[in-house]
$ cat final15.txt   # compact mmCIF, C-alpha atoms and all ligand atoms
# COMPACT_ATOMS: atom_id res chain seq x y z
CA MET A 1 -75.51 -70.26 -131.16
CA PHE A 2 -74.05 -67.03 -129.82
CA GLY A 3 -71.39 -66.60 -132.47
CA ASN A 4 -72.58 -63.46 -134.22
CA ARG A 5 -73.99 -61.17 -131.62
CA ILE A 6 -74.28 -57.46 -131.89
CA ARG A 7 -74.13 -55.33 -128.73
CA LEU A 8 -77.19 -53.11 -128.33
CA PHE A 9 -77.25 -51.38 -124.94
CA ARG A 10 -76.85 -51.90 -121.19
CA VAL A 11 -79.55 -51.93 -118.50
CA ALA A 12 -78.62 -52.00 -114.80
CA GLY A 13 -75.11 -53.16 -115.70
CA ILE A 14 -76.43 -55.99 -117.89
CA GLN A 15 -75.32 -56.06 -121.52
CA ILE A 16 -78.17 -56.64 -124.00
CA SER A 17 -77.03 -58.12 -127.32
CA ALA A 18 -78.81 -59.52 -130.34
CA ASP A 19 -77.93 -62.49 -132.51
CA TRP A 20 -78.01 -61.61 -136.22
CA SER A 21 -80.96 -64.02 -136.66
CA TRP A 22 -82.98 -61.76 -134.46
CA PHE A 23 -83.01 -58.90 -136.99
CA ILE A 24 -84.56 -61.22 -139.53
CA VAL A 25 -87.23 -62.05 -136.96
CA LEU A 26 -87.86 -58.35 -136.29
CA ALA A 27 -88.44 -57.80 -140.02
CA LEU A 28 -90.65 -60.91 -140.24
CA VAL A 29 -92.75 -59.85 -137.25
CA THR A 30 -93.17 -56.33 -138.64
CA TRP A 31 -94.20 -57.81 -141.99
CA SER A 32 -96.67 -60.32 -140.57
CA LEU A 33 -98.19 -57.82 -138.14
CA SER A 34 -98.71 -55.24 -140.88
CA ASN A 35 -100.41 -57.95 -142.92
CA THR A 36 -102.65 -58.96 -140.00
CA PHE A 37 -103.98 -55.50 -139.14
CA PRO A 38 -106.01 -54.99 -142.36
CA SER A 39 -108.05 -58.19 -141.68
CA GLU A 40 -111.61 -58.03 -140.28
CA GLU A 41 -110.66 -59.67 -136.95
CA ALA A 42 -108.04 -57.03 -136.12
CA GLY A 43 -110.84 -54.43 -136.24
CA VAL A 44 -108.96 -51.71 -138.15
CA PRO A 45 -109.77 -52.17 -141.87
CA GLY A 46 -109.50 -49.38 -144.39
CA LEU A 47 -106.34 -47.59 -143.21
CA SER A 48 -103.54 -46.63 -145.61
CA PRO A 49 -100.70 -49.14 -146.25
CA PRO A 50 -98.03 -46.89 -144.62
CA THR A 51 -100.18 -46.76 -141.46
CA TYR A 52 -100.29 -50.57 -141.37
CA TRP A 53 -96.51 -50.72 -141.80
CA LEU A 54 -96.02 -48.21 -139.00
CA MET A 55 -98.39 -50.20 -136.76
CA GLY A 56 -96.44 -53.36 -137.60
CA LEU A 57 -93.13 -51.73 -136.76
CA VAL A 58 -94.38 -50.21 -133.48
CA GLY A 59 -95.94 -53.55 -132.53
CA ALA A 60 -92.70 -55.40 -133.31
CA LEU A 61 -90.63 -52.92 -131.27
CA LEU A 62 -93.03 -53.16 -128.31
CA LEU A 63 -92.71 -56.95 -128.50
CA PHE A 64 -88.94 -56.54 -128.56
CA ALA A 65 -89.14 -54.36 -125.43
CA SER A 66 -91.42 -56.96 -123.81
CA ILE A 67 -88.88 -59.71 -124.45
CA VAL A 68 -86.07 -57.59 -123.02
CA LEU A 69 -88.18 -56.94 -119.90
CA HIS A 70 -89.01 -60.65 -119.60
CA GLU A 71 -85.29 -61.52 -119.73
CA LEU A 72 -84.45 -58.71 -117.33
CA GLY A 73 -86.95 -60.32 -114.95
CA HIS A 74 -84.83 -63.48 -115.02
CA ALA A 75 -81.52 -61.63 -114.93
CA LEU A 76 -82.28 -59.23 -112.08
CA THR A 77 -83.76 -62.02 -109.96
CA ALA A 78 -80.69 -64.14 -110.60
CA GLN A 79 -78.40 -61.25 -109.69
CA ARG A 80 -80.27 -60.70 -106.44
CA LEU A 81 -79.86 -64.37 -105.57
CA GLY A 82 -76.14 -64.19 -106.21
CA VAL A 83 -75.96 -65.85 -109.64
CA PRO A 84 -73.71 -63.74 -111.88
CA ILE A 85 -75.24 -62.80 -115.24
CA ARG A 86 -73.07 -62.53 -118.33
CA GLY A 87 -75.67 -60.71 -120.39
CA ILE A 88 -78.87 -61.08 -122.34
CA THR A 89 -78.84 -62.23 -125.94
CA LEU A 90 -81.87 -61.87 -128.16
CA PHE A 91 -82.14 -64.44 -130.87
CA ILE A 92 -84.60 -66.14 -133.14
CA PHE A 93 -87.18 -67.30 -130.58
CA GLY A 94 -86.90 -64.59 -127.98
CA GLY A 95 -84.04 -64.15 -125.61
CA VAL A 96 -81.69 -65.87 -123.25
CA ALA A 97 -80.37 -64.50 -119.99
CA GLU A 98 -76.96 -66.13 -119.79
CA MET A 99 -76.10 -67.15 -116.29
CA SER A 100 -72.48 -68.01 -115.72
CA ASP A 101 -73.47 -70.61 -113.16
CA GLU A 102 -76.40 -72.80 -112.15
CA PRO A 103 -78.63 -71.29 -109.44
CA PRO A 104 -77.41 -72.42 -105.99
CA THR A 105 -80.65 -74.02 -104.79
CA ALA A 106 -83.89 -75.44 -106.16
CA LYS A 107 -85.76 -72.51 -104.68
CA ALA A 108 -83.46 -69.97 -106.39
CA GLU A 109 -83.90 -71.82 -109.68
CA PHE A 110 -87.67 -71.65 -109.31
CA LEU A 111 -87.64 -67.92 -108.55
CA VAL A 112 -85.31 -67.10 -111.46
CA ALA A 113 -87.37 -69.25 -113.85
CA ILE A 114 -90.76 -67.86 -112.87
CA ALA A 115 -89.69 -64.18 -112.81
CA GLY A 116 -89.72 -63.89 -116.64
CA PRO A 117 -93.24 -65.28 -117.16
CA VAL A 118 -94.51 -63.09 -114.28
CA VAL A 119 -93.19 -60.01 -116.13
CA SER A 120 -94.88 -61.22 -119.34
CA VAL A 121 -98.21 -61.74 -117.59
CA VAL A 122 -98.02 -58.22 -116.14
CA LEU A 123 -97.19 -56.81 -119.60
CA GLY A 124 -99.93 -58.87 -121.31
CA VAL A 125 -102.59 -57.83 -118.85
CA GLY A 126 -101.28 -54.26 -118.88
CA PHE A 127 -101.45 -53.88 -122.67
CA LEU A 128 -104.90 -55.51 -122.87
CA GLY A 129 -106.08 -53.21 -120.06
CA LEU A 130 -104.68 -50.24 -121.96
CA ALA A 131 -106.50 -51.37 -125.10
CA ALA A 132 -109.78 -51.70 -123.19
CA ALA A 133 -109.35 -48.28 -121.56
CA GLY A 134 -108.41 -46.78 -124.94
CA GLY A 135 -111.52 -48.31 -126.51
CA VAL A 136 -113.70 -46.65 -123.88
CA ALA A 137 -111.85 -43.33 -124.05
CA GLY A 138 -112.11 -43.28 -127.84
CA TRP A 139 -108.39 -43.51 -128.73
CA PRO A 140 -107.52 -44.02 -132.41
CA ALA A 141 -108.42 -47.55 -133.51
CA ALA A 142 -104.83 -48.14 -134.69
CA VAL A 143 -103.42 -47.56 -131.16
CA VAL A 144 -106.02 -49.86 -129.59
CA ALA A 145 -105.29 -52.56 -132.18
CA VAL A 146 -101.52 -52.45 -131.57
CA ALA A 147 -102.00 -52.61 -127.76
CA THR A 148 -104.39 -55.57 -128.18
CA VAL A 149 -101.96 -57.48 -130.37
CA VAL A 150 -98.94 -56.81 -128.12
CA GLY A 151 -100.93 -57.80 -125.00
CA THR A 152 -102.20 -60.98 -126.62
CA ILE A 153 -98.80 -62.05 -127.93
CA ASN A 154 -97.25 -61.51 -124.49
CA LEU A 155 -99.81 -63.91 -123.01
CA VAL A 156 -99.28 -66.43 -125.84
CA LEU A 157 -95.53 -66.26 -125.14
CA VAL A 158 -96.18 -67.07 -121.49
CA VAL A 159 -98.09 -70.19 -122.53
CA PHE A 160 -95.27 -71.23 -124.89
CA ASN A 161 -92.59 -70.47 -122.30
CA MET A 162 -94.35 -72.53 -119.68
CA ILE A 163 -94.20 -75.73 -121.78
CA PRO A 164 -92.31 -78.02 -119.38
CA ALA A 165 -89.42 -78.47 -121.82
CA PHE A 166 -86.00 -77.64 -120.39
CA PRO A 167 -84.43 -75.09 -121.00
CA LEU A 168 -87.69 -73.17 -121.53
CA ASP A 169 -88.99 -71.46 -118.38
CA GLY A 170 -91.58 -74.17 -117.77
CA GLY A 171 -88.82 -76.76 -118.02
CA ARG A 172 -86.77 -74.85 -115.47
CA VAL A 173 -89.74 -74.71 -113.12
CA LEU A 174 -90.14 -78.47 -113.60
CA ARG A 175 -86.42 -78.98 -112.98
CA SER A 176 -86.54 -76.95 -109.77
CA ALA A 177 -89.44 -79.10 -108.53
CA LEU A 178 -87.61 -82.34 -109.39
CA TRP A 179 -84.44 -80.96 -107.83
CA GLN A 180 -86.29 -80.04 -104.66
CA TRP A 181 -87.93 -83.48 -104.59
CA LYS A 182 -84.84 -85.69 -104.97
CA GLY A 183 -82.10 -83.23 -104.08
CA ASN A 184 -80.18 -84.20 -107.23
CA LEU A 185 -79.58 -81.50 -109.84
CA ARG A 186 -78.07 -83.86 -112.37
CA TRP A 187 -81.00 -86.24 -112.27
CA ALA A 188 -83.47 -83.32 -112.39
CA THR A 189 -81.69 -81.91 -115.46
CA LYS A 190 -81.60 -85.30 -117.16
CA VAL A 191 -85.32 -85.91 -116.69
CA SER A 192 -86.43 -82.39 -117.63
CA SER A 193 -84.20 -82.24 -120.70
CA ARG A 194 -85.46 -85.67 -121.83
CA ILE A 195 -89.00 -84.34 -121.55
CA GLY A 196 -87.84 -81.23 -123.46
CA SER A 197 -86.30 -83.35 -126.16
CA PHE A 198 -89.49 -85.42 -126.46
CA LEU A 199 -91.75 -82.35 -126.58
CA GLY A 200 -89.48 -80.90 -129.25
CA LEU A 201 -90.04 -84.01 -131.32
CA ALA A 202 -93.79 -83.79 -130.68
CA LEU A 203 -93.79 -80.16 -131.92
CA ILE A 204 -91.95 -81.19 -135.09
CA ALA A 205 -94.54 -83.93 -135.68
CA LEU A 206 -97.35 -81.47 -135.01
CA GLY A 207 -95.79 -79.04 -137.49
CA VAL A 208 -95.68 -81.70 -140.19
CA ALA A 209 -99.26 -82.75 -139.38
CA VAL A 210 -100.48 -79.15 -139.58
CA ALA A 211 -98.67 -78.56 -142.87
CA ILE A 212 -100.04 -81.72 -144.47
CA GLY A 213 -103.47 -81.73 -142.80
CA THR A 214 -104.50 -78.11 -143.25
CA GLY A 215 -102.14 -76.91 -145.97
CA GLU A 216 -100.97 -74.14 -143.62
CA LEU A 217 -97.32 -74.47 -144.61
CA VAL A 218 -96.10 -71.42 -142.71
CA SER A 219 -97.75 -72.35 -139.39
CA GLY A 220 -96.50 -75.90 -139.80
CA MET A 221 -93.01 -74.66 -140.41
CA TRP A 222 -93.11 -72.48 -137.30
CA PHE A 223 -94.13 -75.43 -135.12
CA ALA A 224 -91.40 -77.58 -136.63
CA LEU A 225 -88.77 -74.86 -136.19
CA ILE A 226 -89.72 -74.29 -132.56
CA GLY A 227 -89.63 -78.05 -132.05
CA LEU A 228 -86.15 -78.28 -133.52
CA PHE A 229 -84.99 -75.43 -131.33
CA VAL A 230 -86.47 -76.91 -128.15
CA ARG A 231 -84.96 -80.30 -128.93
CA SER A 232 -81.43 -79.08 -129.57
CA ALA A 233 -81.50 -76.67 -126.62
CA ALA A 234 -82.64 -79.46 -124.30
CA ARG A 235 -79.81 -81.74 -125.39
CA MET A 236 -77.21 -79.01 -125.28
CA SER A 237 -78.06 -77.86 -121.79
CA TYR A 238 -77.80 -81.39 -120.42
CA GLN A 239 -74.43 -81.87 -122.10
CA GLN A 240 -73.27 -78.57 -120.65
CA LEU A 241 -74.27 -79.60 -117.15
CA LEU A 242 -72.41 -82.91 -117.51
CA LEU A 243 -69.35 -81.11 -118.81
CA ARG A 244 -69.45 -78.65 -115.94
CA ARG A 245 -69.83 -81.47 -113.45
CA ALA A 246 -66.97 -83.42 -114.95
CA LEU A 247 -64.47 -80.57 -115.09
CA GLU A 248 -65.37 -78.36 -112.15
CA GLY A 249 -63.03 -78.71 -109.21
CA GLU A 250 -60.33 -80.37 -111.32
CA PRO A 251 -57.14 -78.30 -111.67
CA VAL A 252 -55.74 -77.81 -115.18
CA SER A 253 -52.49 -79.45 -114.04
CA ARG A 254 -54.38 -82.78 -114.15
CA PHE A 255 -54.99 -82.49 -117.88
CA MET A 256 -51.87 -80.75 -119.10
CA HIS A 257 -49.06 -82.28 -121.09
CA GLY A 258 -45.82 -81.74 -119.23
CA GLU A 259 -42.59 -81.01 -121.08
CA PRO A 260 -44.14 -79.54 -124.21
CA ILE A 261 -42.05 -78.79 -127.27
CA VAL A 262 -40.67 -75.28 -126.88
CA VAL A 263 -39.38 -72.85 -129.48
CA PRO A 264 -36.28 -70.69 -128.81
CA ARG A 265 -37.11 -67.04 -129.41
CA ALA A 266 -34.04 -66.39 -131.56
CA ILE A 267 -34.91 -68.69 -134.50
CA SER A 268 -36.56 -67.35 -137.65
CA VAL A 269 -40.23 -67.73 -138.46
CA ALA A 270 -39.25 -69.83 -141.49
CA ASP A 271 -37.43 -72.26 -139.16
CA LEU A 272 -40.45 -72.31 -136.85
CA VAL A 273 -42.71 -73.36 -139.72
CA ARG A 274 -40.30 -75.97 -141.11
CA ASP A 275 -38.90 -77.50 -137.91
CA TYR A 276 -41.83 -77.15 -135.52
CA VAL A 277 -45.21 -76.56 -137.16
CA TYR A 278 -44.74 -79.05 -140.01
CA ARG A 279 -42.98 -81.58 -137.82
CA HIS A 280 -45.21 -81.60 -134.74
CA HIS A 281 -48.51 -80.37 -136.23
CA TYR A 282 -49.41 -78.12 -133.29
CA LYS A 283 -51.06 -74.77 -133.66
CA THR A 284 -49.47 -73.12 -130.62
CA PHE A 285 -45.93 -73.30 -129.23
CA PRO A 286 -44.44 -71.85 -126.06
CA VAL A 287 -41.55 -69.50 -126.80
CA VAL A 288 -38.56 -69.57 -124.43
CA GLU A 289 -35.31 -67.80 -123.81
CA GLY A 290 -33.11 -70.38 -122.12
CA GLU A 291 -35.29 -71.81 -119.36
CA ARG A 292 -37.52 -68.78 -119.17
CA LEU A 293 -40.98 -68.66 -120.76
CA VAL A 294 -41.40 -65.42 -122.71
CA GLY A 295 -44.60 -65.95 -124.67
CA CYS A 296 -46.32 -68.12 -127.19
CA VAL A 297 -46.59 -68.22 -130.94
CA SER A 298 -49.44 -69.66 -132.97
CA THR A 299 -50.04 -70.47 -136.61
CA ARG A 300 -52.55 -67.64 -136.52
CA ASP A 301 -49.69 -65.16 -135.88
CA VAL A 302 -47.60 -66.73 -138.66
CA ARG A 303 -50.46 -66.46 -141.15
CA GLU A 304 -50.68 -62.71 -140.57
CA LEU A 305 -47.01 -62.21 -141.45
CA PRO A 306 -46.24 -61.77 -145.18
CA ARG A 307 -44.31 -64.75 -146.54
CA GLU A 308 -41.29 -62.70 -147.60
CA GLU A 309 -40.82 -61.72 -143.92
CA TRP A 310 -40.53 -65.32 -142.71
CA GLU A 311 -36.75 -65.57 -143.18
CA ARG A 312 -36.05 -62.14 -141.69
CA GLN A 313 -38.33 -62.08 -138.63
CA THR A 314 -37.51 -63.98 -135.44
CA VAL A 315 -40.06 -65.93 -133.46
CA GLY A 316 -39.40 -63.59 -130.53
CA ALA A 317 -40.60 -60.60 -132.55
CA LEU A 318 -43.75 -62.40 -133.64
CA ALA A 319 -44.65 -64.07 -130.33
CA GLU A 320 -47.44 -62.83 -128.13
CA LYS A 321 -46.47 -62.02 -124.55
CA CYS A 322 -47.85 -64.29 -121.86
CA SER A 323 -51.18 -62.95 -120.61
CA PRO A 324 -54.21 -64.33 -118.76
CA GLU A 325 -55.69 -64.84 -122.25
CA ASN A 326 -53.12 -67.48 -123.25
CA THR A 327 -51.40 -68.60 -120.04
CA VAL A 328 -53.05 -70.07 -116.94
CA PRO A 329 -51.76 -71.11 -113.51
CA PRO A 330 -51.67 -74.88 -112.75
CA GLU A 331 -54.28 -74.68 -110.01
CA LEU A 332 -56.91 -73.03 -112.24
CA ASP A 333 -60.26 -74.85 -112.44
CA ALA A 334 -60.46 -76.86 -115.69
CA MET A 335 -63.97 -75.53 -116.31
CA LYS A 336 -62.57 -71.99 -116.23
CA ALA A 337 -59.87 -72.97 -118.71
CA LEU A 338 -62.58 -74.36 -120.98
CA SER A 339 -64.63 -71.17 -120.85
CA LEU A 340 -61.45 -69.18 -121.57
CA MET A 341 -60.86 -71.33 -124.68
CA ASN A 342 -64.48 -70.82 -125.61
CA ARG A 343 -64.23 -67.06 -125.23
CA THR A 344 -60.91 -66.52 -126.95
CA GLY A 345 -61.15 -69.22 -129.61
CA ARG A 346 -57.77 -70.68 -128.54
CA SER A 347 -57.74 -74.45 -128.36
CA ARG A 348 -54.42 -74.59 -126.46
CA LEU A 349 -53.30 -72.70 -123.35
CA LEU A 350 -49.91 -72.58 -121.67
CA VAL A 351 -49.72 -73.66 -118.05
CA ALA A 352 -47.07 -71.72 -116.17
CA ASP A 353 -45.98 -70.72 -112.71
CA GLY A 354 -44.67 -67.19 -113.21
CA ASP A 355 -42.15 -67.47 -116.09
CA ARG A 356 -41.61 -71.19 -115.51
CA LEU A 357 -43.42 -73.27 -118.15
CA LEU A 358 -45.09 -76.36 -116.67
CA GLY A 359 -47.08 -77.70 -119.59
CA ILE A 360 -49.76 -77.11 -122.16
CA ILE A 361 -53.46 -77.87 -121.97
CA SER A 362 -55.59 -78.52 -125.04
CA LEU A 363 -59.31 -78.55 -125.75
CA LYS A 364 -58.89 -81.99 -127.28
CA ASP A 365 -57.56 -83.44 -124.02
CA LEU A 366 -60.33 -81.87 -121.96
CA LEU A 367 -62.99 -83.28 -124.26
CA LYS A 368 -61.32 -86.67 -124.38
CA PHE A 369 -61.32 -86.82 -120.58
CA PHE A 370 -64.98 -85.81 -120.59
CA SER A 371 -66.06 -88.48 -123.06
CA LEU A 372 -64.10 -91.18 -121.18
CA LYS A 373 -65.70 -90.15 -117.93
CA MET A 374 -69.16 -90.25 -119.52
CA GLU A 375 -68.50 -93.66 -121.02
CA LEU A 376 -67.45 -95.10 -117.67
CA GLU A 377 -70.31 -93.48 -115.79
CA GLU A 378 -72.80 -94.75 -118.31
CA ALA A 379 -71.43 -98.28 -117.85
CA ALA A 380 -71.57 -98.02 -114.06
ZN ZN B 1 -88.00 -66.74 -119.84
$ encode --input "final15.txt" --output "structure tokens"
Amino acid sequence: MFGNRIRLFRVAGIQISADWSWFIVLALVTWSLSNTFPSEEAGVPGLSPPTYWLMGLVGALLLFASIVLHELGHALTAQRLGVPIRGITLFIFGGVAEMSDEPPTAKAEFLVAIAGPVVSVVLGVGFLGLAAAGGVAGWPAAVVAVATVVGTINLVLVVFNMIPAFPLDGGRVLRSALWQWKGNLRWATKVSSRIGSFLGLALIALGVAVAIGTGELVSGMWFALIGLFVRSAARMSYQQLLLRRALEGEPVSRFMHGEPIVVPRAISVADLVRDYVYRHHYKTFPVVEGERLVGCVSTRDVRELPREEWERQTVGALAEKCSPENTVPPELDAMKALSLMNRTGRSRLLVADGDRLLGIISLKDLLKFFSLKMELEEAA
């Protein structure tokens, strides 16, 4: 979901990014707002088309700022409670403050979850108040209309966000209550994400019903899309919790393959491809000089080298030096190794103690362990 993000700016040390999908939404919101303003209900008929477009754009940008403030509410509260924040990503249905860990207690979870909606309520009431004051003071109708729309949408977003479907804010509030009640985070997550998954399905059904019943295809599609999003997010966050639970506290040495196949640094790249890559079908090999680990070489590096260089270049010249990006110590937490793989896109990491190679750890092995553990726990 966070594959194609674009960095925007930083607030209080927190990086704000946007998923590419979000720019489409910005354009869509501008378009639909500028089409709403000319209607009778919006109260500003008879303005010029460029004015409506400008109102739409300003409204969309104010909504964007509102969403950033909502997420900052979550993020700053989390930071205060000692949960590190990786950043805020805006995407199709708003934003996500990415916490690198679960909140430590049910109470912290509740405070982090409720902080966003509190910000939205303040913004909603604030903009509506501004609109009312502007109406009395005789501000231009266009300004009053934009403030009214932004205030109203903020309040609508609060209602949507408070649907008790994990991982929406309401679902997090529900989870914190369940967590507080039974003292079991895993159970609380399971129940609240099941409810989330069910509500997602209900929204999809509602979307179809609206589309068929009233002929409002666009509204129906929105409901169905939101339902799909809620459903997949609910499932994913439960899976993530299980994965974290399964791997956390386990050292990578438990999952590594000892005595991996190593490549001497002096051989040519052509020999590497013929005798190692095609024979063993691995994507990454440790490179050694005698007993000493000097780096690693991957098919990715080979691909970047022109074919006519393969005979001439040695593996040593092509290999990447060992770094914390590709080599981990044996005592490292397996969950950390997984997030490193996630971040760097490497599916295999070397495990080494200084320049002594101990083994290799692969994404496949971590996931295999996880699915076995789940299978056995499900049976128990
Ligand atoms: Zn929120």
$ residues_near_ligand --input "final15.txt" --ligand "ligand ZN 1 (chain B)" --cutoff "9 Å" --atoms "only C-alpha atoms and all ligand atoms" --output "CSV table (one decimal) with C-alpha atoms, keeping the file's coordinate frame"
chain,number,residue,atom,x,y,z
A,67,ILE,CA,-88.9,-59.7,-124.4
A,70,HIS,CA,-89.0,-60.6,-119.6
A,71,GLU,CA,-85.3,-61.5,-119.7
A,73,GLY,CA,-87.0,-60.3,-115.0
A,74,HIS,CA,-84.8,-63.5,-115.0
A,94,GLY,CA,-86.9,-64.6,-128.0
A,95,GLY,CA,-84.0,-64.2,-125.6
A,96,VAL,CA,-81.7,-65.9,-123.2
A,97,ALA,CA,-80.4,-64.5,-120.0
A,112,VAL,CA,-85.3,-67.1,-111.5
A,113,ALA,CA,-87.4,-69.2,-113.8
A,114,ILE,CA,-90.8,-67.9,-112.9
A,115,ALA,CA,-89.7,-64.2,-112.8
A,116,GLY,CA,-89.7,-63.9,-116.6
A,117,PRO,CA,-93.2,-65.3,-117.2
A,120,SER,CA,-94.9,-61.2,-119.3
A,158,VAL,CA,-96.2,-67.1,-121.5
A,161,ASN,CA,-92.6,-70.5,-122.3
A,162,MET,CA,-94.4,-72.5,-119.7
A,168,LEU,CA,-87.7,-73.2,-121.5
A,169,ASP,CA,-89.0,-71.5,-118.4
A,170,GLY,CA,-91.6,-74.2,-117.8
$ atom_distance --input "final15.txt" --atom1 "CA of Ser253 (chain A)" --atom2 "CA of Pro330 (chain A)"
4.8 Å
$ residues_around --input "final15.txt" --residues "Gly126 (chain A)" --least-positions-apart "6" --cutoff "12 Å" --atoms "all atoms listed in the file" --output "list in words"
Ser66, Val119, Ser120, Ala132, Ala133, Gly134, Ala147, Thr148, Val149, Val150, Gly151, Thr152, Asn154 and Leu155 of chain A
$ closest_residue --input "final15.txt" --among "A:Ala234, A:Ala266, A:Leu272, A:Ile24" --to "Val288 (chain A)" --atoms "only C-alpha atoms"
A:Ala266
$ closest_residue --input "final15.txt" --among "A:Phe23, A:Tyr52, A:Phe255, A:Tyr276" --to "Thr36 (chain A)" --atoms "only C-alpha atoms"
A:Tyr52
$ closest_residue --input "final15.txt" --among "A:Pro38, A:Pro329, A:Gly227, A:Gly354" --to "Ala202 (chain A)" --atoms "all atoms listed in the file"
A:Gly227
$ closest_residue --input "final15.txt" --among "A:Leu54, A:Ala145, A:Leu332, A:Val136" --to "Arg254 (chain A)" --atoms "only C-alpha atoms"
A:Leu332
$ atom_distance --input "final15.txt" --atom1 "CA of Ser176 (chain A)" --atom2 "CA of Arg231 (chain A)"
19.5 Å
